[in-house]
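Peer 1: Structure file target_6.cif (mmCIF, C-alpha atoms and all ligand atoms) is given on the next line.
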```cif
data_query
loop_
_atom_site.label_atom_id
_atom_site.label_comp_id
_atom_site.auth_asym_id
_atom_site.auth_seq_id
_atom_site.Cartn_x
_atom_site.Cartn_y
_atom_site.Cartn_z
CA MET X 1 -16.43 -23.64 -6.58
CA GLY X 2 -13.06 -22.61 -7.97
CA PRO X 3 -12.35 -19.02 -8.88
CA SER X 4 -12.85 -19.95 -12.59
CA GLN X 5 -11.11 -17.18 -14.50
CA PRO X 6 -8.55 -14.60 -13.37
CA ARG X 7 -9.43 -10.94 -13.93
CA HIS X 8 -5.82 -9.84 -13.77
CA VAL X 9 -2.99 -12.02 -15.07
CA ALA X 10 0.65 -11.03 -14.51
CA ILE X 11 3.48 -12.81 -16.31
CA ILE X 12 7.23 -13.00 -15.73
CA MET X 13 8.25 -13.82 -19.29
CA ASP X 14 11.49 -15.68 -18.69
CA GLY X 15 13.66 -18.03 -20.76
CA ASN X 16 14.29 -16.26 -24.07
CA GLY X 17 18.04 -16.66 -23.59
CA ARG X 18 17.86 -20.37 -22.77
CA TRP X 19 15.51 -20.93 -25.71
CA ALA X 20 18.11 -19.29 -27.99
CA LYS X 21 21.04 -21.17 -26.48
CA GLU X 22 19.32 -24.51 -27.07
CA ARG X 23 19.04 -23.60 -30.73
CA GLY X 24 22.53 -22.17 -31.06
CA VAL X 25 21.19 -18.74 -32.04
CA SER X 26 21.81 -15.30 -30.51
CA ARG X 27 19.96 -14.12 -27.40
CA SER X 28 18.39 -11.41 -29.57
CA LYS X 29 16.79 -14.11 -31.69
CA GLY X 30 15.38 -15.52 -28.47
CA HIS X 31 13.85 -12.16 -27.61
CA GLU X 32 12.38 -11.91 -31.12
CA ALA X 33 10.78 -15.33 -30.70
CA GLY X 34 9.54 -14.15 -27.31
CA ALA X 35 7.71 -11.27 -28.99
CA GLU X 36 5.70 -13.83 -30.99
CA SER X 37 4.60 -15.42 -27.74
CA VAL X 38 3.56 -11.99 -26.42
CA ARG X 39 1.37 -11.51 -29.47
CA ALA X 40 -0.31 -14.89 -28.99
CA VAL X 41 -0.84 -14.45 -25.25
CA VAL X 42 -2.29 -10.93 -25.61
CA ARG X 43 -4.75 -12.21 -28.22
CA GLU X 44 -5.77 -15.19 -26.12
CA CYS X 45 -6.25 -13.16 -22.93
CA ARG X 46 -8.31 -10.61 -24.84
CA SER X 47 -10.55 -13.27 -26.35
CA ARG X 48 -11.06 -14.93 -22.95
CA GLY X 49 -12.17 -11.64 -21.43
CA VAL X 50 -9.22 -11.09 -19.08
CA GLU X 51 -9.46 -7.50 -17.77
CA VAL X 52 -5.79 -6.77 -17.12
CA LEU X 53 -2.64 -8.43 -18.46
CA THR X 54 0.62 -7.25 -16.92
CA LEU X 55 3.80 -8.34 -18.69
CA TYR X 56 7.21 -8.09 -17.03
CA SER X 57 9.13 -7.01 -20.11
CA PHE X 58 12.27 -5.36 -18.74
CA SER X 59 13.37 -5.02 -15.13
CA THR X 60 15.45 -2.29 -13.48
CA GLU X 61 18.07 -5.02 -12.97
CA ASN X 62 18.04 -5.85 -16.71
CA TRP X 63 19.83 -2.52 -17.34
CA LYS X 64 22.94 -4.35 -16.08
CA ARG X 65 22.93 -6.73 -19.06
CA PRO X 66 25.55 -6.27 -21.84
CA ALA X 67 24.93 -3.01 -23.72
CA ALA X 68 24.37 -4.85 -27.01
CA GLU X 69 21.59 -6.97 -25.52
CA VAL X 70 19.92 -3.95 -23.92
CA ALA X 71 20.11 -2.13 -27.27
CA ALA X 72 18.59 -5.11 -29.08
CA LEU X 73 15.76 -5.28 -26.53
CA MET X 74 15.03 -1.56 -26.89
CA ALA X 75 14.99 -1.83 -30.69
CA LEU X 76 12.66 -4.81 -30.45
CA LEU X 77 10.38 -2.93 -28.09
CA LYS X 78 10.12 -0.04 -30.49
CA SER X 79 9.35 -2.26 -33.47
CA PHE X 80 6.80 -4.21 -31.40
CA VAL X 81 4.98 -1.01 -30.44
CA LEU X 82 4.85 0.08 -34.08
CA SER X 83 3.95 -3.28 -35.62
CA GLU X 84 1.27 -4.18 -33.04
CA ARG X 85 -0.33 -0.77 -32.90
CA LYS X 86 -3.10 -1.53 -35.39
CA GLU X 87 -4.07 -4.88 -33.94
CA LEU X 88 -4.03 -3.56 -30.38
CA MET X 89 -6.27 -0.65 -31.37
CA ASP X 90 -8.58 -2.97 -33.36
CA GLN X 91 -8.91 -5.23 -30.32
CA GLY X 92 -9.77 -2.24 -28.13
CA ILE X 93 -6.74 -2.76 -25.92
CA GLN X 94 -5.66 0.00 -23.58
CA VAL X 95 -1.87 0.08 -23.25
CA ARG X 96 -0.23 1.32 -20.07
CA VAL X 97 3.34 1.30 -18.83
CA ILE X 98 4.60 0.81 -15.29
CA GLY X 99 8.20 1.48 -14.32
CA GLU X 100 10.87 4.16 -14.57
CA VAL X 101 9.83 5.18 -18.06
CA GLN X 102 12.17 8.17 -18.15
CA ARG X 103 15.12 5.75 -18.26
CA LEU X 104 13.96 4.35 -21.62
CA PRO X 105 15.60 5.87 -24.72
CA LEU X 106 13.54 8.53 -26.46
CA PHE X 107 13.09 6.40 -29.60
CA VAL X 108 11.15 3.92 -27.45
CA ARG X 109 9.44 6.39 -25.13
CA LYS X 110 7.94 8.42 -27.98
CA PRO X 111 6.01 5.71 -29.86
CA LEU X 112 5.10 4.08 -26.55
CA LYS X 113 3.66 7.31 -25.19
CA MET X 114 1.72 7.81 -28.39
CA LEU X 115 0.25 4.31 -28.16
CA CYS X 116 -0.69 4.82 -24.50
CA ASN X 117 -2.36 8.15 -25.28
CA ASP X 118 -4.17 6.90 -28.38
CA SER X 119 -5.46 3.76 -26.64
CA GLU X 120 -6.45 5.57 -23.43
CA LYS X 121 -10.19 5.28 -24.08
CA ASN X 122 -10.14 1.63 -25.17
CA ILE X 123 -12.14 -0.65 -22.90
CA GLY X 124 -11.34 -4.13 -24.26
CA MET X 125 -8.48 -5.07 -21.93
CA VAL X 126 -5.66 -3.26 -20.15
CA LEU X 127 -2.24 -4.33 -21.39
CA ASN X 128 0.12 -3.19 -18.70
CA LEU X 129 3.78 -3.28 -19.74
CA ALA X 130 6.31 -3.40 -16.90
CA LEU X 131 9.30 -1.65 -18.41
CA SER X 132 12.37 -0.59 -16.51
CA TYR X 133 10.26 -1.84 -13.63
CA GLY X 134 11.40 -2.75 -10.14
CA SER X 135 8.99 -3.28 -7.30
CA ARG X 136 11.23 -1.88 -4.58
CA ALA X 137 11.81 1.29 -6.60
CA GLU X 138 8.04 1.56 -7.07
CA ILE X 139 7.49 1.28 -3.31
CA VAL X 140 10.26 3.80 -2.61
CA GLN X 141 8.65 6.43 -4.87
CA ALA X 142 5.27 5.79 -3.19
CA VAL X 143 6.81 6.28 0.25
CA ARG X 144 8.53 9.47 -0.89
CA SER X 145 5.30 10.89 -2.24
CA VAL X 146 3.38 10.13 0.98
CA ALA X 147 6.22 11.59 3.06
CA ARG X 148 6.22 14.78 0.99
CA ASP X 149 2.47 15.18 1.48
CA ALA X 150 2.76 14.48 5.19
CA ILE X 151 5.37 17.20 5.61
CA ALA X 152 3.22 19.59 3.60
CA GLY X 153 0.38 18.82 5.99
CA LYS X 154 -1.80 17.26 3.27
CA VAL X 155 -1.73 13.76 4.76
CA ASP X 156 -2.09 12.80 8.40
CA PRO X 157 0.33 9.87 9.07
CA ASP X 158 -2.34 8.12 11.15
CA SER X 159 -4.72 8.15 8.19
CA ILE X 160 -2.30 6.30 5.89
CA THR X 161 -4.04 3.07 4.89
CA GLU X 162 -3.34 0.31 2.39
CA ALA X 163 -5.58 2.18 -0.04
CA VAL X 164 -3.39 5.29 0.29
CA ILE X 165 -0.31 3.23 -0.63
CA ASN X 166 -2.15 1.47 -3.46
CA ASP X 167 -3.03 4.83 -4.87
CA ARG X 168 0.60 5.87 -5.14
CA LEU X 169 1.88 2.74 -6.82
CA TYR X 170 2.28 2.62 -10.62
CA THR X 171 -0.63 0.15 -10.65
CA ARG X 172 -3.10 2.60 -9.13
CA GLY X 173 -6.66 1.88 -10.16
CA LEU X 174 -5.94 -1.71 -11.21
CA PRO X 175 -7.06 -4.77 -9.25
CA ASP X 176 -4.28 -6.93 -7.78
CA PRO X 177 -3.21 -9.85 -9.99
CA ASP X 178 -5.23 -13.03 -9.45
CA LEU X 179 -2.72 -15.20 -11.27
CA LEU X 180 1.06 -14.85 -11.59
CA ILE X 181 2.72 -16.95 -14.26
CA ARG X 182 6.47 -17.41 -14.49
CA THR X 183 7.91 -19.36 -17.40
CA SER X 184 11.23 -21.27 -17.48
CA GLY X 185 10.93 -22.87 -14.10
CA GLU X 186 12.61 -20.30 -11.84
CA LEU X 187 10.97 -20.08 -8.39
CA ARG X 188 11.45 -16.40 -7.61
CA LEU X 189 9.76 -13.02 -8.05
CA SER X 190 12.79 -11.08 -9.34
CA ASN X 191 11.52 -7.79 -7.87
CA PHE X 192 8.10 -7.97 -9.57
CA LEU X 193 4.95 -6.51 -7.95
CA LEU X 194 5.98 -7.39 -4.38
CA TRP X 195 3.09 -5.46 -2.82
CA GLN X 196 0.42 -6.36 -5.38
CA LEU X 197 1.12 -10.13 -5.33
CA ALA X 198 0.26 -10.52 -1.62
CA TYR X 199 -2.60 -12.96 -2.32
CA THR X 200 -1.96 -13.93 -5.93
CA GLU X 201 -2.02 -17.56 -7.09
CA ILE X 202 1.40 -18.54 -8.46
CA TYR X 203 1.89 -20.81 -11.45
CA VAL X 204 5.35 -21.75 -12.72
CA ALA X 205 5.75 -23.42 -16.11
CA ASP X 206 8.95 -25.16 -17.17
CA THR X 207 8.36 -23.98 -20.75
CA TYR X 208 10.63 -21.23 -22.09
CA TRP X 209 8.71 -18.06 -22.84
CA PRO X 210 8.97 -18.28 -26.69
CA ASP X 211 7.28 -21.71 -26.54
CA PHE X 212 4.58 -20.72 -24.04
CA ARG X 213 1.91 -19.21 -26.33
CA GLU X 214 -1.82 -20.14 -26.21
CA ALA X 215 -1.16 -23.72 -25.16
CA GLY X 216 0.91 -22.72 -22.15
CA LEU X 217 -1.64 -20.11 -21.17
CA ASN X 218 -4.49 -22.60 -21.39
CA LEU X 219 -2.67 -24.95 -18.99
CA ALA X 220 -2.10 -22.07 -16.56
CA PHE X 221 -5.80 -21.16 -16.66
CA GLU X 222 -6.78 -24.79 -16.06
CA ALA X 223 -4.49 -24.94 -13.03
CA TYR X 224 -5.92 -21.66 -11.73
CA ALA X 225 -9.48 -22.97 -11.98
CA GLN X 226 -8.51 -25.79 -9.57
CA ARG X 227 -7.15 -23.45 -6.89
CA ARG X 228 -9.01 -22.62 -3.69
CA ARG X 229 -8.46 -19.01 -2.74
CA ARG X 230 -9.13 -18.65 0.95
CA PHE X 231 -7.65 -15.24 1.74
CA GLY X 232 -6.96 -16.42 5.28
CA LYS X 233 -10.45 -17.79 5.93
CA THR X 234 -11.50 -21.42 6.42
CA ASP X 235 -12.91 -23.67 3.70
CA ALA X 236 -16.26 -23.73 5.50
CA GLN X 237 -16.47 -19.93 5.42
CA ILE X 238 -15.59 -19.84 1.75
CA ALA X 239 -18.26 -22.44 0.95
CA LYS X 240 -20.93 -20.16 2.43
CA GLU X 241 -19.95 -17.10 0.41
C1 LIG X 301 13.44 -12.97 -20.45
O1 LIG X 301 14.34 -13.91 -20.93
C2 LIG X 301 13.53 -11.64 -21.17
C3 LIG X 301 14.08 -10.56 -20.34
C4 LIG X 301 14.48 -10.66 -19.11
C5 LIG X 301 14.18 -9.26 -20.98
P1 LIG X 301 15.85 -13.95 -20.46
O2 LIG X 301 16.64 -13.11 -21.38
O3 LIG X 301 15.96 -13.63 -19.02
O4 LIG X 301 16.17 -15.49 -20.71
P2 LIG X 301 17.10 -16.44 -19.83
O5 LIG X 301 16.65 -16.35 -18.42
O6 LIG X 301 18.50 -15.95 -20.01
O7 LIG X 301 16.87 -17.79 -20.41
C1 LIG X 302 12.86 -11.27 -14.84
O1 LIG X 302 13.67 -12.13 -15.57
C2 LIG X 302 12.63 -10.00 -15.62
C3 LIG X 302 11.83 -10.15 -16.84
C4 LIG X 302 11.23 -11.23 -17.24
C5 LIG X 302 11.69 -8.94 -17.62
P1 LIG X 302 15.24 -12.19 -15.30
O2 LIG X 302 15.77 -13.21 -16.21
O3 LIG X 302 15.83 -10.84 -15.39
O4 LIG X 302 15.28 -12.68 -13.79
P2 LIG X 302 16.47 -13.31 -12.95
O5 LIG X 302 17.65 -12.44 -13.16
O6 LIG X 302 16.70 -14.69 -13.46
O7 LIG X 302 15.98 -13.32 -11.55
MG MG X 303 15.96 -14.78 -17.32
#
```
Can you dump the structure from the file as structure tokens?
Ligand code: IPE
Ligand code: IPE
Ligand code: MG

Peer 2:
Amino acid sequence: MGPSQPRHVAIIMDGNGRWAKERGVSRSKGHEAGAESVRAVVRECRSRGVEVLTLYSFSTENWKRPAAEVAALMALLKSFVLSERKELMDQGIQVRVIGEVQRLPLFVRKPLKMLCNDSEKNIGMVLNLALSYGSRAEIVQAVRSVARDAIAGKVDPDSITEAVINDRLYTRGLPDPDLLIRTSGELRLSNFLLWQLAYTEIYVADTYWPDFREAGLNLAFEAYAQRRRRFGKTDAQIAKE
């Protein structure tokens, strides 16, 4: 038996720029088209009963892009939060953010915080937005927090387990991703969820993110259903479970 459906899907939404270049339009237009794909994919995951959808929306490294592109992305983020608010609430989606949120401009942080607070009790699906997110930075802050507690005598170093680390990551309380999707064909993680992806199934689509939508997602789910997740065990052991 295959694992059928993933509980937690994480997506590296890549290729907005290449999509735009192919059409001779600005990169910002590519990001706008990408937002349409986000809408479609959120809806589809929700209707399939996915529990958590994590979207890599802006990385710590993306701060190094030209200021005009960063500004356009921030403006788009703000308008997405405002325009999607009603539908997300109607669908019972709980919005969370992982990353160095304090680096986001206030005009983004404010509506985002409001949406996270207002959707806190929703139980339909968790939509986890990775914003100003970098996995190494996430691990560094977890290590710092454990070290502080160890020095304060609140944590015994010998009692530090994987669960203790898990609890100090931005993703605390969420299951690890079952399926990682990357669009646009690149075969790398780009500093995304390095700890959490330890046993995740990886699916790379050649499609650019703006073209991915429901159809791309359906193909990814079909591929996932064919995978055999062994977690280090043998096939014979898995068959008996
Ligand atoms: C993904 O598309 C969106 C973000 C990283 C914010 P890109 O902008 O990276 O698109 P490409 O990789 O240049 O095609
Ligand atoms: C990864 O895409 C980050 C997001 C999708 C937000 P990038 O386009 O930034 O990744 P690299 O630079 O090609 O590795
Ligand atoms: Mg890219």

Peer 1: Work out how far atom CA of X:Ala163 is from atom CA of X:Val42, in Å to one decimal.

Peer 2: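 Computing the Euclidean distance for atom CA of X:Val42 and atom CA of X:Ala163 yields 28.9 Å.
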
Peer 1: If we count all atoms listed in the file, what is near X:Leu115 at a cut-off of 7 Å, once residues fewer than 4 positions away on the same chain are taken out, given as a list in words?

Peer 2: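 Result of the neighbour search: Arg85, Val95, Pro111 and Ser119 of chain X.
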
Peer 1: Residues up to 10 Å from ligand MG 303 (chain X), counting only C-alpha atoms and all ligand atoms: could you list those as a PyMOL selection string?

Peer 2: chain X and resi 12-18+62+183-184+186+190+208-209

Peer 1: What is the atom C2 of ligand LIG 302 (chain X)-atom CA of X:Glu61 distance in Å, reported with one decimal?

Peer 2: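 About the pair atom C2 of ligand LIG 302 (chain X) and atom CA of X:Glu61: they are 7.8 Å apart.
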
Peer 1: Between X:Arg182, X:Lys86, X:Lys154, X:Arg172, which is the closest to ligand LIG 302 (chain X) once you count all atoms listed in the file?

Peer 2: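 Among X:Arg182, X:Lys86, X:Lys154, X:Arg172, it is X:Arg182 that comes nearest to ligand LIG 302 (chain X).
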
Peer 1: Could you list, as a list in words, every residue within 8 Å of X:Tyr203, counting only C-alpha atoms and ignoring same-chain residues fewer than 4 positions away?

Peer 2: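 Within the cut-off, the hits are Leu179, Leu180, Ile181, Arg182, Ala220, Ala223 and Tyr224 of chain X.
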
Peer 1: What lies within 9 Å of X:Val146 using all atoms listed in the file, ignoring chain neighbours under 4 positions off, as number ranges by chain?

Peer 2: X: 141-142, 150-151, 155, 157, 160, 164-165, 168

Peer 1: Using all atoms listed in the file, pick whichever of X:Gly134, X:Gly124, X:Pro210, X:Gly99 has the shortest atom-to-atom distance to X:Asn191.

Peer 2: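 Among the listed residues, the smallest separation from X:Asn191 belongs to X:Gly134.
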
Peer 1: Can you work out which one of X:Val81, X:Asp90, X:Arg48, X:Arg27 has the shortest atom-to-atom distance to X:Ala68, counting only C-alpha atoms?

Peer 2: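 Counting only C-alpha atoms, the residue closest to X:Ala68 is X:Arg27.
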
Peer 1: Near X:Ala225, within 12 Å and counting only C-alpha atoms, which residues show up once chain neighbours fewer than 4 positions away are dropped, as a list in words?

Peer 2: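 Everything that qualifies: Met1, Gly2, Pro3, Ser4, Gln5, Pro6, Asp178, Leu179, Glu201, Tyr203, Asn218, Leu219, Ala220, Phe221 and Arg229 of chain X.
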
Peer 1: Calculated over all atoms listed in the file, which of the candidates X:Thr54, X:Ala72, X:Ala236, X:Ile11 has the smallest distance to X:Gly30?

Peer 2: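 Comparing X:Thr54, X:Ala72, X:Ala236, X:Ile11 against X:Gly30, the winner is X:Ala72.
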
Peer 1: I'd like the interatomic distance between atom CA of X:Met125 and atom CA of X:Glu51, to a tenth of an Å.

Peer 2: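 Result for atom CA of X:Met125 versus atom CA of X:Glu51: 4.9 Å, one decimal.
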
Peer 1: Have a look at X:Ala35, X:Val70, X:Val52, X:Leu129 and name the one nearest to X:Ser83; count all atoms listed in the file.

Peer 2: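 Closest to X:Ser83 of all the choices is X:Ala35.
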
Peer 1: Using all atoms listed in the file, which residues sit within 8 Å of stretch 104-108 of chain X once same-chain residues fewer than 6 positions away are excluded, as a list in words?

Peer 2: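 Skipping anything fewer than 6 positions along the chain leaves Met74, Ala75, Leu77, Lys78 and Ser132 of chain X.
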
Peer 1: Centre and edge lengths of an axis-aligned box around all listed atoms of stretch 156-168 of chain X, with 4 Å added on each side, are to be given in Å to one decimal, as AutoDock Vina command-line options.

Peer 2:
```
--center_x -2.5 --center_y 6.6 --center_z 3.0 --size_x 14.2 --size_y 20.5 --size_z 24.3
```

Peer 1: Looking at all atoms listed in the file, which of X:Ala40, X:Ala239, X:Ile202, X:Ala20 is the one that sits closest to ligand LIG 301 (chain X)?

Peer 2: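 Once distances to ligand LIG 301 (chain X) are computed over all atoms listed in the file, the minimum belongs to X:Ala20.
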
Peer 1: Reconstruct N, CA, C and O atoms of stretch 163-185 of chain X from the incomplete input and present them as a JSON list (two decimals), keeping the file's coordinate frame.

Peer 2:
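That gives us selection.json:
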```
[["chain", "number", "residue", "atom", "x", "y", "z"],
["X", 163, "ALA", "N", -5.03, 1.52, 1.16],
["X", 163, "ALA", "CA", -5.58, 2.18, -0.04],
["X", 163, "ALA", "C", -4.74, 3.40, -0.43],
["X", 163, "ALA", "O", -4.56, 3.67, -1.63],
["X", 164, "VAL", "N", -4.22, 4.11, 0.57],
["X", 164, "VAL", "CA", -3.39, 5.29, 0.29],
["X", 164, "VAL", "C", -2.11, 4.85, -0.44],
["X", 164, "VAL", "O", -1.68, 5.48, -1.41],
["X", 165, "ILE", "N", -1.53, 3.76, 0.02],
["X", 165, "ILE", "CA", -0.31, 3.23, -0.63],
["X", 165, "ILE", "C", -0.64, 2.76, -2.04],
["X", 165, "ILE", "O", 0.04, 3.11, -3.01],
["X", 166, "ASN", "N", -1.72, 1.98, -2.15],
["X", 166, "ASN", "CA", -2.15, 1.47, -3.46],
["X", 166, "ASN", "C", -2.26, 2.58, -4.49],
["X", 166, "ASN", "O", -1.89, 2.41, -5.65],
["X", 167, "ASP", "N", -2.78, 3.68, -4.02],
["X", 167, "ASP", "CA", -3.03, 4.83, -4.87],
["X", 167, "ASP", "C", -1.78, 5.51, -5.38],
["X", 167, "ASP", "O", -1.82, 6.32, -6.29],
["X", 168, "ARG", "N", -0.65, 5.23, -4.74],
["X", 168, "ARG", "CA", 0.60, 5.87, -5.14],
["X", 168, "ARG", "C", 1.54, 4.91, -5.83],
["X", 168, "ARG", "O", 2.68, 5.25, -6.15],
["X", 169, "LEU", "N", 1.07, 3.69, -6.06],
["X", 169, "LEU", "CA", 1.88, 2.74, -6.82],
["X", 169, "LEU", "C", 1.58, 2.97, -8.32],
["X", 169, "LEU", "O", 0.58, 3.57, -8.67],
["X", 170, "TYR", "N", 2.48, 2.47, -9.16],
["X", 170, "TYR", "CA", 2.28, 2.62, -10.62],
["X", 170, "TYR", "C", 0.97, 1.95, -11.05],
["X", 170, "TYR", "O", 0.41, 2.29, -12.08],
["X", 171, "THR", "N", 0.54, 0.95, -10.28],
["X", 171, "THR", "CA", -0.63, 0.15, -10.65],
["X", 171, "THR", "C", -1.94, 0.74, -10.15],
["X", 171, "THR", "O", -2.95, 0.05, -10.15],
["X", 172, "ARG", "N", -1.89, 2.01, -9.71],
["X", 172, "ARG", "CA", -3.10, 2.60, -9.13],
["X", 172, "ARG", "C", -4.31, 2.40, -10.05],
["X", 172, "ARG", "O", -4.20, 2.50, -11.28],
["X", 173, "GLY", "N", -5.42, 2.06, -9.39],
["X", 173, "GLY", "CA", -6.66, 1.88, -10.16],
["X", 173, "GLY", "C", -6.85, 0.47, -10.70],
["X", 173, "GLY", "O", -7.94, 0.13, -11.14],
["X", 174, "LEU", "N", -5.81, -0.34, -10.68],
["X", 174, "LEU", "CA", -5.94, -1.71, -11.21],
["X", 174, "LEU", "C", -6.15, -2.69, -10.06],
["X", 174, "LEU", "O", -5.60, -2.50, -8.98],
["X", 175, "PRO", "N", -6.94, -3.75, -10.29],
["X", 175, "PRO", "CA", -7.06, -4.77, -9.25],
["X", 175, "PRO", "C", -5.74, -5.52, -9.11],
["X", 175, "PRO", "O", -4.93, -5.52, -10.03],
["X", 176, "ASP", "N", -5.49, -6.13, -7.94],
["X", 176, "ASP", "CA", -4.28, -6.93, -7.78],
["X", 176, "ASP", "C", -4.34, -8.14, -8.72],
["X", 176, "ASP", "O", -5.42, -8.63, -9.03],
["X", 177, "PRO", "N", -3.19, -8.65, -9.14],
["X", 177, "PRO", "CA", -3.21, -9.85, -9.99],
["X", 177, "PRO", "C", -3.86, -11.04, -9.27],
["X", 177, "PRO", "O", -3.64, -11.24, -8.07],
["X", 178, "ASP", "N", -4.66, -11.79, -9.99],
["X", 178, "ASP", "CA", -5.23, -13.03, -9.45],
["X", 178, "ASP", "C", -4.28, -14.19, -9.71],
["X", 178, "ASP", "O", -4.20, -15.13, -8.94],
["X", 179, "LEU", "N", -3.60, -14.11, -10.85],
["X", 179, "LEU", "CA", -2.72, -15.20, -11.27],
["X", 179, "LEU", "C", -1.38, -14.63, -11.71],
["X", 179, "LEU", "O", -1.32, -13.72, -12.54],
["X", 180, "LEU", "N", -0.30, -15.17, -11.13],
["X", 180, "LEU", "CA", 1.06, -14.85, -11.59],
["X", 180, "LEU", "C", 1.62, -16.07, -12.30],
["X", 180, "LEU", "O", 1.62, -17.17, -11.75],
["X", 181, "ILE", "N", 2.08, -15.86, -13.51],
["X", 181, "ILE", "CA", 2.72, -16.95, -14.26],
["X", 181, "ILE", "C", 4.20, -16.61, -14.41],
["X", 181, "ILE", "O", 4.55, -15.47, -14.71],
["X", 182, "ARG", "N", 5.06, -17.59, -14.14],
["X", 182, "ARG", "CA", 6.47, -17.41, -14.49],
["X", 182, "ARG", "C", 6.86, -18.57, -15.38],
["X", 182, "ARG", "O", 6.62, -19.74, -15.04],
["X", 183, "THR", "N", 7.46, -18.30, -16.52],
["X", 183, "THR", "CA", 7.91, -19.36, -17.40],
["X", 183, "THR", "C", 9.37, -19.69, -17.09],
["X", 183, "THR", "O", 10.06, -18.95, -16.40],
["X", 184, "SER", "N", 9.83, -20.84, -17.60],
["X", 184, "SER", "CA", 11.23, -21.27, -17.48],
["X", 184, "SER", "C", 11.64, -21.83, -16.14],
["X", 184, "SER", "O", 12.83, -21.99, -15.89],
["X", 185, "GLY", "N", 10.66, -22.07, -15.28],
["X", 185, "GLY", "CA", 10.93, -22.87, -14.10],
["X", 185, "GLY", "C", 11.54, -22.21, -12.88],
["X", 185, "GLY", "O", 11.63, -22.82, -11.82]]
```
